[in-house]
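Reading through the structure tokens given below for one structure.
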Amino acid sequence: MWQNRLTLLIYITVFMTLSVIMSASASTDQSYQMYTSEKTDVAFLAEEDTPLVEGLRTALSGNAVFVDVKDTPSALADALYYREVSYIIRVPAGFSESFMKGEDPQLSCTSVPGSFSGTYISEKLQRWLSTASLYVKTGTVTDETMLAAQMNKTMAKTASVSLMDSGVKSSAKYSFLSYYFKYLAYILAAVLISIMAVLMQVFNDKDLRHRTFCSPITSYSYSVQFLLAGASFSAGLWIVMMMLVAVFNGKSFFQGTTLLYAANALAYTLMASALGFLIGTLATSREQVGALSTIVPLGFSFLGGVFIPQAFMGNGVLAAARYTPAYWYVKANDAVAAAKDLGSVDIVTVRSSILVVLCFGAAFLAIGLAAEKRRREFSES
Amino acid sequence: MAAHVFCTRLKCLLRDRATVFWTMAFPIILALLFNATLRNVDKISESFHPVEAAVIDNAAYEKDSFFKEALNAVSNGEGRIFDLTPVSEEEADDLLKDGTISGYFTAGDPVTVTAGGSGFEASLMQTFADSYLQMAYASANIMETQPQAYEKLMTSLNEKTEYLRDVSISDAEPDSAYSYFYSLLAMACLYAGFWGLKETEDIQADLSARAARVNTAPVKKGKMFFSSLAASFVISMTEILLLFLFLRYVLAIDFGMHTDLVLLTTAAGCLLGLSGGAFIGAVVRGSENLKTGVMLGLTMTGCMLAGMMYQGIRTQILENAPVVGWINPVNLLTDAYYNIYYMPSLGRFWSDIAALCAFIAVFSAGTFLKIRRQKYASL
């Protein structure tokens, strides 16, 4: 294991960097928080500065976060494609004058076709302009200042909104802690599978194996010692990762929910060690171990929702994901993340998900032990 | 002789199954994973669907014909924004509790919206209710101050003037999920560095037994190296083209109309990968594992900064440290594919290609200077 310290260090460094960057970006990233946000990112490009345009901007401010984007085709295309903004409004020069004459000028709007945010902002703009046009077309106002005053009074009329606890879980809020523990699924699997599998390869070397079995220890003792060594390393890695939470985010560490996150991670640690043991038993070369210890953690993490929230996955993918331990790990993690405090955690979901992960681990270990026994019997015969 | 070296080297390289796996099979497996999980993120998270809503069917609702009419206008037809169900208050509460609806309207003065939580669905319901009240207030206000304008008001209320005009920036859909696949293709191009690394390992006599044997052959080192490199280029280009065809025709990833430019970018990417790998092989002194580690570390860091794991990183880097974008070959390749697909003009694409060519020139010159005319005291 000591020989693999560099790999371990690289994994942990990359993981910590990603966790910190992701959690820092999460507060500004709208694309993954769509249904919990009431505002959408808008680029408001006005080619004139008039009271009407100012009124429109003010009215929209309740539904939009204005983002400054350079007014060039390239910058605007970038901003829309990478969702820096979801909507671009361009007020052409002469719009206000034309509007005040009772004509029907148009704003140029660009949005992601068929998107919710597009419909949301379009609806707001269209209705505001339709209401303003009532004052203009009936001759109630004659200039923009009067219109602005009337629209201010009109906009003060709002519906009463009450929130009701629907019992439906809102999407998980990804704090540093939840991001950290989510990505931990990948790092634990990647590190433990590669190290356990390499270890198995070393111990399964024909000469080393023969030498070991010449020694006066029973096969049972050998297996128990090997598994205990693996478990000690896994527990050590888990403790290090828990200590890193305290170092990077001490405040979060002392929340009540940390205990549940940590328990979930411990179950996943045990499962990953067992999986590493299984892969190490089945693989026939170092190259195979290298390939499997890269692809299996990546596959589990992608399908299980470590990198992409489960809410954004198709039903078919989710159905397949249920057969990966990462899916249950993330499910428990999200259930903890969605709760305000320890008391409001959906403990049934967390407990059952942890149990499923442990069952996966037990199954991997059982298959690994069976394969190991078969290999030993085969080589002895 | 060059053709003989080329053919022999081709066979030799193709027998290296581990490198073939990492340079071809691994990107294809990643593409499948990306396709299963990332492909529909935009569609699921952004697509508009009519909001499931209810309205309390009581005496106030029956009496308020304007509100009823306004709600019906936005709850029918293809462009509807609500899927509306008139229900009793108890039923509405039950529907809201079990998550069937996002909220419900209650007619009255003022109209109220009861929602299950914040979010776009609830906000859209609130926007509608606010607008209805504001329109009603404006109409009453106008009738109070301008009673003679009744007819004009009615005409304005009944006409459906469209104040918004949809303008497209590009002919292509702004499907941001594609950029993950572009980064993946860029990563695969740079994985050609595995072959480049192998070439320098197998030509410098102090690095491998094969190179020592090759150096004793009566063939010029340059001829040997460039023939071998050509074989590596053919293999890596074939691998990347297979990956491109897989992405384009099996996973239906759109690369835009300019297939010729996509091929040009891919060829530049392959050359960059090869020359980069060869450069690392020549410059870094140490074991093969160390060189592979350096190459992989640089490639994967480039992938991360180019947004392959998380797109927000790329945006933040381009905003705060654009120079990092220019010195990151993965970002240049990703940006080139993105420009071909989405950008209305190709100015930035050519800048990306120029920067890639500069990288290729630097790596090639560095490798050439490092490995030329090396003499060995003994082999």
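Residues in the structure tokens are named by chain (A, B, ... in the order shown) and by number from 1 within that chain; ligands are numbered from 1 in the order shown.
Inside range 118-305 of chain A, the residues DSSP reads as strand (DSSP E) when given the backbone are Ser160, Val161, Ser162 and Leu163 of chain A.
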Using only C-alpha atoms, select each residue of chain B with any atom at most 7 Å away from an atom of chain A, and give the selection as an MDAnalysis selection string. chainID B and resid 18 33 36:37 40:41 44:48 96:99 110:120 123:124 126:127 129:131 133:135 137:138 142 146 149 152:153 156 163:169 174:176 343
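Secondary structure from DSSP on the backbone puts alpha helix (DSSP H) at the following positions of range 104-147 of chain B: Phe120, Glu121, Ala122, Ser123, Leu124, Met125, Gln126, Thr127, Phe128, Ala129, Asp130, Ser131, Tyr132, Leu133, Gln134, Met135, Ala136, Tyr137, Ala138, Ser139, Ala140, Asn141, Ile142, Met143, Glu144 and Thr145 of chain B.
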Grab the residues selected above and save them as a PDB file, in the first residue's frame with C-alpha atoms.
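Dumped to part.pdb:
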```pdb
ATOM      1  CA  PHE B 120     -40.541  28.023 -11.217  1.00  0.00           C
ATOM      2  CA  GLU B 121     -43.966  26.345 -11.240  1.00  0.00           C
ATOM      3  CA  ALA B 122     -45.154  28.310  -8.225  1.00  0.00           C
ATOM      4  CA  SER B 123     -43.529  31.480  -9.577  1.00  0.00           C
ATOM      5  CA  LEU B 124     -45.330  31.083 -12.889  1.00  0.00           C
ATOM      6  CA  MET B 125     -48.642  30.748 -11.041  1.00  0.00           C
ATOM      7  CA  GLN B 126     -47.822  33.856  -9.034  1.00  0.00           C
ATOM      8  CA  THR B 127     -46.823  35.772 -12.189  1.00  0.00           C
ATOM      9  CA  PHE B 128     -50.145  34.896 -13.783  1.00  0.00           C
ATOM     10  CA  ALA B 129     -52.172  35.903 -10.703  1.00  0.00           C
ATOM     11  CA  ASP B 130     -50.221  39.175 -10.322  1.00  0.00           C
ATOM     12  CA  SER B 131     -50.683  40.036 -13.987  1.00  0.00           C
ATOM     13  CA  TYR B 132     -54.399  39.306 -13.820  1.00  0.00           C
ATOM     14  CA  LEU B 133     -54.811  41.597 -10.804  1.00  0.00           C
ATOM     15  CA  GLN B 134     -52.675  44.311 -12.408  1.00  0.00           C
ATOM     16  CA  MET B 135     -54.642  44.149 -15.638  1.00  0.00           C
ATOM     17  CA  ALA B 136     -57.897  44.351 -13.630  1.00  0.00           C
ATOM     18  CA  TYR B 137     -56.557  47.298 -11.618  1.00  0.00           C
ATOM     19  CA  ALA B 138     -55.382  49.101 -14.769  1.00  0.00           C
ATOM     20  CA  SER B 139     -58.794  48.597 -16.427  1.00  0.00           C
ATOM     21  CA  ALA B 140     -60.633  49.912 -13.357  1.00  0.00           C
ATOM     22  CA  ASN B 141     -58.201  52.820 -13.093  1.00  0.00           C
ATOM     23  CA  ILE B 142     -58.720  53.752 -16.739  1.00  0.00           C
ATOM     24  CA  MET B 143     -62.512  53.521 -16.435  1.00  0.00           C
ATOM     25  CA  GLU B 144     -62.371  55.815 -13.430  1.00  0.00           C
ATOM     26  CA  THR B 145     -60.229  58.512 -15.029  1.00  0.00           C
TER      27      THR B 145
END
```
What's the 10 Å shell around range 358-361 of chain B, counting only C-alpha atoms, without same-chain residues fewer than 6 positions away, as a PDB file with N, CA and C atoms, in the first residue's frame?
```pdb
ATOM      1  N   ALA B 268      -5.541  17.845 -36.053  1.00  0.00           N
ATOM      2  CA  ALA B 268      -4.662  18.728 -35.266  1.00  0.00           C
ATOM      3  C   ALA B 268      -4.554  18.206 -33.834  1.00  0.00           C
ATOM      4  N   GLY B 269      -5.675  17.736 -33.303  1.00  0.00           N
ATOM      5  CA  GLY B 269      -5.680  17.196 -31.938  1.00  0.00           C
ATOM      6  C   GLY B 269      -4.795  15.968 -31.817  1.00  0.00           C
ATOM      7  N   CYS B 270      -4.866  15.097 -32.823  1.00  0.00           N
ATOM      8  CA  CYS B 270      -4.036  13.883 -32.825  1.00  0.00           C
ATOM      9  C   CYS B 270      -2.556  14.234 -32.863  1.00  0.00           C
ATOM     10  N   LEU B 271      -2.218  15.174 -33.753  1.00  0.00           N
ATOM     11  CA  LEU B 271      -0.817  15.606 -33.857  1.00  0.00           C
ATOM     12  C   LEU B 271      -0.347  16.227 -32.553  1.00  0.00           C
ATOM     13  N   LEU B 272      -1.240  16.997 -31.947  1.00  0.00           N
ATOM     14  CA  LEU B 272      -0.902  17.632 -30.670  1.00  0.00           C
ATOM     15  C   LEU B 272      -0.642  16.560 -29.607  1.00  0.00           C
ATOM     16  N   GLY B 273      -1.550  15.570 -29.549  1.00  0.00           N
ATOM     17  CA  GLY B 273      -1.379  14.485 -28.571  1.00  0.00           C
ATOM     18  C   GLY B 273      -0.072  13.754 -28.781  1.00  0.00           C
ATOM     19  N   LEU B 274       0.186  13.389 -30.038  1.00  0.00           N
ATOM     20  CA  LEU B 274       1.414  12.652 -30.359  1.00  0.00           C
ATOM     21  C   LEU B 274       2.658  13.457 -30.007  1.00  0.00           C
ATOM     22  N   SER B 275       2.674  14.735 -30.473  1.00  0.00           N
ATOM     23  CA  SER B 275       3.872  15.550 -30.227  1.00  0.00           C
ATOM     24  C   SER B 275       4.020  15.835 -28.734  1.00  0.00           C
ATOM     25  N   GLY B 276       2.892  16.029 -28.041  1.00  0.00           N
ATOM     26  CA  GLY B 276       2.939  16.279 -26.599  1.00  0.00           C
ATOM     27  C   GLY B 276       3.492  15.070 -25.859  1.00  0.00           C
ATOM     28  N   PHE B 279       7.144  14.726 -26.541  1.00  0.00           N
ATOM     29  CA  PHE B 279       7.877  15.776 -25.825  1.00  0.00           C
ATOM     30  C   PHE B 279       8.074  15.384 -24.351  1.00  0.00           C
ATOM     31  N   ILE B 327      -3.830  28.411 -22.786  1.00  0.00           N
ATOM     32  CA  ILE B 327      -2.684  27.492 -22.686  1.00  0.00           C
ATOM     33  C   ILE B 327      -3.136  26.071 -22.360  1.00  0.00           C
ATOM     34  N   ASN B 328      -4.445  25.861 -22.389  1.00  0.00           N
ATOM     35  CA  ASN B 328      -4.973  24.522 -22.120  1.00  0.00           C
ATOM     36  C   ASN B 328      -5.403  23.874 -23.443  1.00  0.00           C
ATOM     37  N   PRO B 329      -4.622  22.921 -23.970  1.00  0.00           N
ATOM     38  CA  PRO B 329      -4.955  22.329 -25.269  1.00  0.00           C
ATOM     39  C   PRO B 329      -6.337  21.663 -25.298  1.00  0.00           C
ATOM     40  N   ASP B 352      -8.298  29.184 -32.441  1.00  0.00           N
ATOM     41  CA  ASP B 352      -8.032  27.942 -31.698  1.00  0.00           C
ATOM     42  C   ASP B 352      -7.072  27.045 -32.477  1.00  0.00           C
ATOM     43  N   THR B 367      11.080  18.152 -28.914  1.00  0.00           N
ATOM     44  CA  THR B 367      11.403  16.722 -28.992  1.00  0.00           C
ATOM     45  C   THR B 367      12.586  16.503 -29.924  1.00  0.00           C
TER      46      THR B 367
END
```
Just want the 10 Å neighbourhood of Ser293 in chain A, counted on only C-alpha atoms, with same-chain residues fewer than 6 positions away dropped. Output as an MDAnalysis selection string. chainID A and resid 189:198 275:276 279:280 287
What does the file look like for those residues with C-alpha atoms, as a PDB file, in the first residue's frame?
```
ATOM      1  CA  ALA A 189     -14.359   3.437  -4.780  1.00  0.00           C
ATOM      2  CA  ALA A 190     -11.431   4.529  -6.982  1.00  0.00           C
ATOM      3  CA  VAL A 191      -8.823   4.348  -4.217  1.00  0.00           C
ATOM      4  CA  LEU A 192     -10.066   1.225  -2.441  1.00  0.00           C
ATOM      5  CA  ILE A 193     -10.737  -0.811  -5.570  1.00  0.00           C
ATOM      6  CA  SER A 194      -7.357  -0.019  -7.099  1.00  0.00           C
ATOM      7  CA  ILE A 195      -5.405  -0.629  -3.883  1.00  0.00           C
ATOM      8  CA  MET A 196      -7.270  -3.760  -2.781  1.00  0.00           C
ATOM      9  CA  ALA A 197      -7.138  -5.209  -6.284  1.00  0.00           C
ATOM     10  CA  VAL A 198      -3.404  -4.523  -6.686  1.00  0.00           C
ATOM     11  CA  LEU A 275     -15.541  -4.879  -4.475  1.00  0.00           C
ATOM     12  CA  GLY A 276     -11.781  -4.309  -4.689  1.00  0.00           C
ATOM     13  CA  ILE A 279     -11.967  -7.473  -8.742  1.00  0.00           C
ATOM     14  CA  GLY A 280      -8.517  -8.427  -7.477  1.00  0.00           C
ATOM     15  CA  GLU A 287      -3.540  -4.209 -16.834  1.00  0.00           C
TER      16      GLU A 287
END
```
What's the 12 Å shell around Leu10 in chain B, counting only C-alpha atoms, without same-chain residues fewer than 4 positions away, as a compact mmCIF listing (two decimals) with N, CA and C atoms, in the first residue's frame?
```
# COMPACT_ATOMS: atom_id res chain seq x y z
N ALA B 3 9.05 2.50 -45.50
CA ALA B 3 7.78 1.76 -45.56
C ALA B 3 7.86 0.49 -44.72
N HIS B 4 9.03 -0.14 -44.75
CA HIS B 4 9.21 -1.37 -43.96
C HIS B 4 9.10 -1.06 -42.46
N VAL B 5 9.79 0.02 -42.05
CA VAL B 5 9.73 0.42 -40.63
C VAL B 5 8.29 0.76 -40.25
N PHE B 6 7.62 1.48 -41.16
CA PHE B 6 6.24 1.91 -40.91
C PHE B 6 5.34 0.68 -40.68
N LEU B 14 0.01 -2.20 -32.67
CA LEU B 14 -1.34 -2.77 -32.56
C LEU B 14 -1.37 -3.96 -31.59
N ARG B 15 -0.21 -4.55 -31.34
CA ARG B 15 -0.16 -5.68 -30.40
C ARG B 15 -0.18 -5.21 -28.94
N ASP B 16 0.01 -3.89 -28.76
CA ASP B 16 -0.01 -3.35 -27.40
C ASP B 16 -1.47 -3.12 -27.00
N TRP B 195 0.84 7.03 -27.45
CA TRP B 195 1.64 6.52 -28.59
C TRP B 195 2.91 7.32 -28.74
N GLU B 199 6.85 6.19 -28.61
CA GLU B 199 7.82 6.42 -29.69
C GLU B 199 9.17 6.88 -29.15
N SER B 227 9.14 7.47 -39.36
CA SER B 227 8.34 6.36 -39.88
C SER B 227 7.49 5.76 -38.76
N SER B 228 8.11 5.61 -37.59
CA SER B 228 7.38 5.07 -36.44
C SER B 228 6.27 6.02 -36.01
N LEU B 229 6.62 7.31 -36.02
CA LEU B 229 5.64 8.32 -35.62
C LEU B 229 4.46 8.32 -36.59
N ALA B 230 4.74 8.12 -37.87
CA ALA B 230 3.66 8.06 -38.87
C ALA B 230 2.73 6.89 -38.57
N ALA B 231 3.31 5.76 -38.16
CA ALA B 231 2.48 4.60 -37.81
C ALA B 231 1.60 4.93 -36.61
N SER B 232 2.18 5.61 -35.62
CA SER B 232 1.42 6.02 -34.44
C SER B 232 0.29 6.97 -34.83
N PHE B 233 0.61 7.89 -35.75
CA PHE B 233 -0.41 8.85 -36.18
C PHE B 233 -1.57 8.14 -36.87
N VAL B 234 -1.24 7.17 -37.73
CA VAL B 234 -2.30 6.43 -38.44
C VAL B 234 -3.19 5.71 -37.44
N ILE B 235 -2.56 5.07 -36.45
CA ILE B 235 -3.36 4.33 -35.46
C ILE B 235 -4.23 5.28 -34.64
N SER B 236 -3.61 6.34 -34.12
CA SER B 236 -4.39 7.23 -33.25
C SER B 236 -5.47 7.96 -34.04
```
Fewer than 4 positions away in the same chain doesn't count, so skip those; otherwise give me all residues within 8 Å of range 70-80 of chain B, counting only C-alpha atoms, as an MDAnalysis selection string. chainID B and resid 50 66 84 132
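CA of Ala43 in chain A sits 24.2 Å away from CA of Met100 in chain A.
Comparing B:Ile353, B:Leu38, B:Ala336, B:Leu346 by their smallest distance to Phe181 in chain B, the closest is B:Leu38 (using only C-alpha atoms).
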Range 213-218 of chain A: which residues within 12 Å, counting only C-alpha atoms, same-chain residues fewer than 3 positions away excluded, as an NGL selection string? :A and (203-204 or 206-210 or 221-225 or 376 or 379-380)
Could the residues in this selection be saved with C-alpha atoms as a compact mmCIF listing (two decimals), in the first residue's frame?
```txt
# COMPACT_ATOMS: atom_id res chain seq x y z
CA PHE A 203 -0.58 -11.88 -2.99
CA ASN A 204 -1.90 -14.07 -5.81
CA LYS A 206 2.23 -17.88 -7.90
CA ASP A 207 5.63 -17.93 -6.19
CA LEU A 208 4.58 -15.71 -3.31
CA ARG A 209 1.48 -17.81 -2.85
CA HIS A 210 3.39 -21.05 -2.68
CA SER A 221 -5.91 -17.51 9.35
CA TYR A 222 -4.36 -16.24 6.13
CA SER A 223 -7.73 -15.09 4.78
CA VAL A 224 -8.74 -13.45 8.06
CA GLN A 225 -5.41 -11.62 8.32
CA ARG A 376 -6.97 -22.11 -4.40
CA SER A 379 -4.12 -24.42 -8.02
CA GLU A 380 -3.68 -27.04 -5.28
```
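Shortest atom-to-atom contact with Gly368 in chain A among A:Ser285, A:Ser219, A:Ser178, A:Ser273: A:Ser273, counting only C-alpha atoms.
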